[in-house]
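Here the structure is laid out as structure tokens; the discussion comes afterwards.
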Amino acid sequence: MLNIKVLGSGCSNCQRLEAQVKKVVAAQGLGAQIEKVTDYGEIMKYAILATPGLVIDGKLVAAGRVPNDKEIAGWLLQAGGSA
Amino acid sequence: MAIQTTTTPRRGWRADLPVYGKLAGIALLWWAAYSVLLPVSQWLTYSVLGLPRGSQLGESMAFFLYDVPKILLLLSGMIFLIGIVRTFFSPERTRALLGGKRQGIGNVLAAMLGIVTPFCSCSAVPLFIGFVESGIPLGVTFSFLIAAPIINEVAVIMLYGLFGWRVAALYIGTGLVIAIFAGIVIGRFHLERYVEDFVWQLQMGAGGPQENLTWPERIGRASDSVKEIVGKVWPYVIIGIAVGAVIHGFVPESALANIMGKQAWWSVPAAVLLGIPLYSNAAGVIPIVGALIEKGASLGTALAFMMAVVGLSLPEMIILRRVLKPQLIAVFIGVVALAIIFTGYLFNLVM
């Protein structure tokens with residue numbers, strides 16, 4: 001079961017990222033726990049400089065932008081493959 | 001935490017030809033569309049719709065039909081180019097570039113980097129924390145935070161599209177000067193104690209994943225950002241230009257000269273004070289500002305209003321409240337507002 005965290009405090013980009021991740025996860029039929037992290041203390045633990053951030057199974061894969069569906073699917077498959 | 005670097009395997013430029021071909025095709029179409037804008041908009045207004053030349057409705061319609069596609073085309077094209085430039089920069093890189101620079105030089109560099117570093121206002125907090133944590137002086141960090149939202153690419157592109165390159169260049173120059181000056185002043189006051197305490201206790205972070213992008217990837221990123229930004233602002237562009245078109249066609253010349261023209265000395269501070277609580281993205285406010293200028297508002301007052309609306313926004317202040325104590329926020333707003341007012345007066349005198 002993949003653990004996905006969307007880091008961001010609620011601006012439109014962060015919300016878009018969360019919606020997109022949910023969409024891709026559903027489309028891939030993967031089991032994943034998707035968590036939205038809005039507290040800055042928690043967010044800064046991942047040491048990013050720009051939100052939104054995407055963390056899959058503890059690894060930061062994107063920061064400061066909203067990646068497209070293909071990229072997200074790619075990372076999910078990579079993470080699922082090595083689990 | 002180690003910085004991860006990702007590099008996509010190179011395929012050789014032949015495999016990438018389809019991407020370049022598509023890009024060239026789109027560029028050609030763009031150029032063709034841009035060239036026919038004026039004649040087509042005139043033809044649509046005066047021949048197809050049959051509106052009389054010189055009439056108020058005719059003027060408004062021609063303005064609208066010309067400027068909407070023009071601005072949208074300009075936005076698409078230039079955001080794409082800026083998007084490519086931005087793939088060469090990242091907040092992490094900016095932070096590395098700024099590390100160790102002292103006040104003065106640091107402020108100038110920070111302000112310039114604020115233009116090219118990708119930045120969305122919700123990133124203000126992580127970015128602020130990350131910069132300050134790695135030893136970048138408070139004033140230098142502020143220069144970056146002031147320049148980034150004001151010298152916003154949509155604002156500059158629309159100014160260029162509606163008023164020409166001189167006004168756009170002026171806007172960029174003034175934005176830089178304001179950011180540098182305000183950053184230096186804030187630095188001089190040594191306001192570190194007004195940053196929320198938890199910021200100083202956090203560990204310095206390595207930042208996001210470092211990426212080495214191939215050219216097709218850069219093109220892809222830039223295209224994504226065009227879709228994202230134009231997708232967000234096009235309704236505002238249309239509404240803004242529609243209001244501007246109405247003002248252009250229906251409001252008599254010089255109607256506003258009394259209250260917004262050069263003679264009214266209080267118009268600059270009033271415009272700035274009015275602009276601070278207002279929040280709009282650049283796309284919506286510029287066409288209106290442009291039409292106002294046409295009707296007698298002086299350039300200095302109008303630009304000051306615009307900078308106050310775009311540069312000092314309530315949502316951004318609310319976000320920054322998480323890391324800045326109220327005193328520092330007040331100083332921030334005050335210094336930037338004064339800088340904008342000063343600039344407004346300067347333009348009114350000089351232009």
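Ordering of the structure tokens sets the chain letters (A, B, ...), residue numbers begin anew at 1 in every chain, and ligands are numbered from 1 in the order given.
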inquiry  = Could you go through range 30-72 of chain A and tell me which residues DSSP, when run on the backbone, assigns to alpha helix (DSSP H), listing them as a PyMOL selection string?
reply    = chain A and resi 40-44+69-72
Residues as selected, C-alpha atoms, written as a PDB file, in the first residue's frame, can you do that?
```
ATOM      1  CA  TYR A  40       4.395  24.089   7.954  1.00  0.00           C
ATOM      2  CA  GLY A  41       6.306  22.391  10.736  1.00  0.00           C
ATOM      3  CA  GLU A  42       5.507  19.056   9.084  1.00  0.00           C
ATOM      4  CA  ILE A  43       6.060  20.345   5.564  1.00  0.00           C
ATOM      5  CA  MET A  44       9.496  21.724   6.372  1.00  0.00           C
ATOM      6  CA  ASP A  69      -0.442  12.884 -15.005  1.00  0.00           C
ATOM      7  CA  LYS A  70       2.205  10.939 -16.893  1.00  0.00           C
ATOM      8  CA  GLU A  71       4.928  11.894 -14.452  1.00  0.00           C
ATOM      9  CA  ILE A  72       2.778  11.031 -11.447  1.00  0.00           C
TER      10      ILE A  72
END
```
Would you mind listing, for every residue of chain A within 9 Å of chain B, the two atoms forming the shortest contact and the distance between them in Å to one decimal, using only C-alpha atoms, sorted by chain and ascending residue number, as a Markdown table?
```
| residue | atom | partner | partner_atom | distance |
| --- | --- | --- | --- | --- |
| A:Gly8 | CA | B:Cys122 | CA | 7.9 |
| A:Ser9 | CA | B:Cys122 | CA | 7.1 |
| A:Gly10 | CA | B:Cys122 | CA | 7.9 |
| A:Cys11 | CA | B:Cys122 | CA | 6.1 |
| A:Ser12 | CA | B:Cys122 | CA | 8.9 |
| A:Asn13 | CA | B:Cys120 | CA | 8.5 |
| A:Cys14 | CA | B:Cys122 | CA | 8.8 |
| A:Tyr40 | CA | B:Pro126 | CA | 7.6 |
| A:Gly41 | CA | B:Leu202 | CA | 8.2 |
| A:Ile43 | CA | B:Pro126 | CA | 8.1 |
| A:Met44 | CA | B:Pro126 | CA | 6.8 |
| A:Lys45 | CA | B:Gly205 | CA | 7.8 |
| A:Tyr46 | CA | B:Gly205 | CA | 7.3 |
| A:Ala47 | CA | B:Gly205 | CA | 4.1 |
| A:Ile48 | CA | B:Gly207 | CA | 4.4 |
| A:Leu49 | CA | B:Leu127 | CA | 4.5 |
| A:Ala50 | CA | B:Ser123 | CA | 4.5 |
| A:Thr51 | CA | B:Ser123 | CA | 5.0 |
| A:Pro52 | CA | B:Ser123 | CA | 7.6 |
| A:Gly53 | CA | B:Gly208 | CA | 8.4 |
| A:Leu60 | CA | B:Gly208 | CA | 7.0 |
| A:Val61 | CA | B:Pro209 | CA | 6.6 |
| A:Ala62 | CA | B:Pro209 | CA | 6.7 |
| A:Ala63 | CA | B:Gly208 | CA | 5.6 |
| A:Gly64 | CA | B:Ser123 | CA | 7.4 |
| A:Arg65 | CA | B:Pro118 | CA | 8.6 |
| A:Pro67 | CA | B:Asp224 | CA | 8.6 |
| A:Asn68 | CA | B:Asp224 | CA | 7.8 |
```
task = Any chance you could list, as a ChimeraX atom specification, the residues in chain A that come up strand (DSSP E) when DSSP is run on the backbone?
result = /A:2-7,32-37,53-56,59-63
Write a file of the just-selected residues containing N, CA and C atoms, as a PDB file, in the first residue's frame.
```pdb
ATOM      1  N   LEU A   2       0.776   2.039  -1.052  1.00  0.00           N
ATOM      2  CA  LEU A   2       1.630   3.213  -1.162  1.00  0.00           C
ATOM      3  C   LEU A   2       1.202   4.307  -0.191  1.00  0.00           C
ATOM      4  N   ASN A   3       2.192   4.991   0.326  1.00  0.00           N
ATOM      5  CA  ASN A   3       1.879   6.139   1.184  1.00  0.00           C
ATOM      6  C   ASN A   3       2.240   7.414   0.442  1.00  0.00           C
ATOM      7  N   ILE A   4       1.220   8.230   0.145  1.00  0.00           N
ATOM      8  CA  ILE A   4       1.457   9.446  -0.622  1.00  0.00           C
ATOM      9  C   ILE A   4       1.108  10.666   0.220  1.00  0.00           C
ATOM     10  N   LYS A   5       2.025  11.642   0.212  1.00  0.00           N
ATOM     11  CA  LYS A   5       1.728  12.878   0.937  1.00  0.00           C
ATOM     12  C   LYS A   5       1.770  14.046  -0.047  1.00  0.00           C
ATOM     13  N   VAL A   6       0.732  14.892   0.012  1.00  0.00           N
ATOM     14  CA  VAL A   6       0.734  16.114  -0.775  1.00  0.00           C
ATOM     15  C   VAL A   6       1.009  17.262   0.185  1.00  0.00           C
ATOM     16  N   LEU A   7       2.138  17.948  -0.020  1.00  0.00           N
ATOM     17  CA  LEU A   7       2.522  19.012   0.906  1.00  0.00           C
ATOM     18  C   LEU A   7       2.067  20.356   0.373  1.00  0.00           C
ATOM     19  N   ALA A  32      -3.589   3.128  -2.393  1.00  0.00           N
ATOM     20  CA  ALA A  32      -2.691   4.147  -1.865  1.00  0.00           C
ATOM     21  C   ALA A  32      -3.378   4.954  -0.782  1.00  0.00           C
ATOM     22  N   GLN A  33      -2.594   5.330   0.205  1.00  0.00           N
ATOM     23  CA  GLN A  33      -3.104   6.195   1.262  1.00  0.00           C
ATOM     24  C   GLN A  33      -2.630   7.603   0.932  1.00  0.00           C
ATOM     25  N   ILE A  34      -3.560   8.515   0.656  1.00  0.00           N
ATOM     26  CA  ILE A  34      -3.195   9.864   0.250  1.00  0.00           C
ATOM     27  C   ILE A  34      -3.458  10.844   1.388  1.00  0.00           C
ATOM     28  N   GLU A  35      -2.418  11.556   1.772  1.00  0.00           N
ATOM     29  CA  GLU A  35      -2.545  12.446   2.920  1.00  0.00           C
ATOM     30  C   GLU A  35      -2.187  13.866   2.504  1.00  0.00           C
ATOM     31  N   LYS A  36      -2.956  14.849   2.962  1.00  0.00           N
ATOM     32  CA  LYS A  36      -2.632  16.239   2.654  1.00  0.00           C
ATOM     33  C   LYS A  36      -1.995  16.847   3.904  1.00  0.00           C
ATOM     34  N   VAL A  37      -0.808  17.384   3.743  1.00  0.00           N
ATOM     35  CA  VAL A  37      -0.113  17.965   4.896  1.00  0.00           C
ATOM     36  C   VAL A  37      -0.119  19.483   4.773  1.00  0.00           C
ATOM     37  N   GLY A  53       4.353  20.109  -2.766  1.00  0.00           N
ATOM     38  CA  GLY A  53       5.349  19.057  -2.811  1.00  0.00           C
ATOM     39  C   GLY A  53       4.659  17.712  -2.863  1.00  0.00           C
ATOM     40  N   LEU A  54       5.321  16.746  -3.500  1.00  0.00           N
ATOM     41  CA  LEU A  54       4.737  15.408  -3.599  1.00  0.00           C
ATOM     42  C   LEU A  54       5.727  14.394  -3.042  1.00  0.00           C
ATOM     43  N   VAL A  55       5.279  13.663  -2.040  1.00  0.00           N
ATOM     44  CA  VAL A  55       6.131  12.666  -1.399  1.00  0.00           C
ATOM     45  C   VAL A  55       5.491  11.296  -1.571  1.00  0.00           C
ATOM     46  N   ILE A  56       6.258  10.354  -2.148  1.00  0.00           N
ATOM     47  CA  ILE A  56       5.720   8.992  -2.324  1.00  0.00           C
ATOM     48  C   ILE A  56       6.595   8.041  -1.542  1.00  0.00           C
ATOM     49  N   LYS A  59       9.732   9.476  -0.126  1.00  0.00           N
ATOM     50  CA  LYS A  59      10.713  10.101  -1.023  1.00  0.00           C
ATOM     51  C   LYS A  59      10.080  11.318  -1.716  1.00  0.00           C
ATOM     52  N   LEU A  60      10.781  12.455  -1.656  1.00  0.00           N
ATOM     53  CA  LEU A  60      10.276  13.668  -2.283  1.00  0.00           C
ATOM     54  C   LEU A  60      10.533  13.596  -3.783  1.00  0.00           C
ATOM     55  N   VAL A  61       9.468  13.567  -4.581  1.00  0.00           N
ATOM     56  CA  VAL A  61       9.658  13.435  -6.026  1.00  0.00           C
ATOM     57  C   VAL A  61       9.451  14.718  -6.795  1.00  0.00           C
ATOM     58  N   ALA A  62       8.722  15.653  -6.222  1.00  0.00           N
ATOM     59  CA  ALA A  62       8.491  16.911  -6.942  1.00  0.00           C
ATOM     60  C   ALA A  62       8.245  18.019  -5.937  1.00  0.00           C
ATOM     61  N   ALA A  63       8.738  19.223  -6.258  1.00  0.00           N
ATOM     62  CA  ALA A  63       8.499  20.362  -5.379  1.00  0.00           C
ATOM     63  C   ALA A  63       8.353  21.616  -6.203  1.00  0.00           C
TER      64      ALA A  63
END
```
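CA of Ser223 in chain B lies 16.9 Å from CA of Thr117 in chain B.
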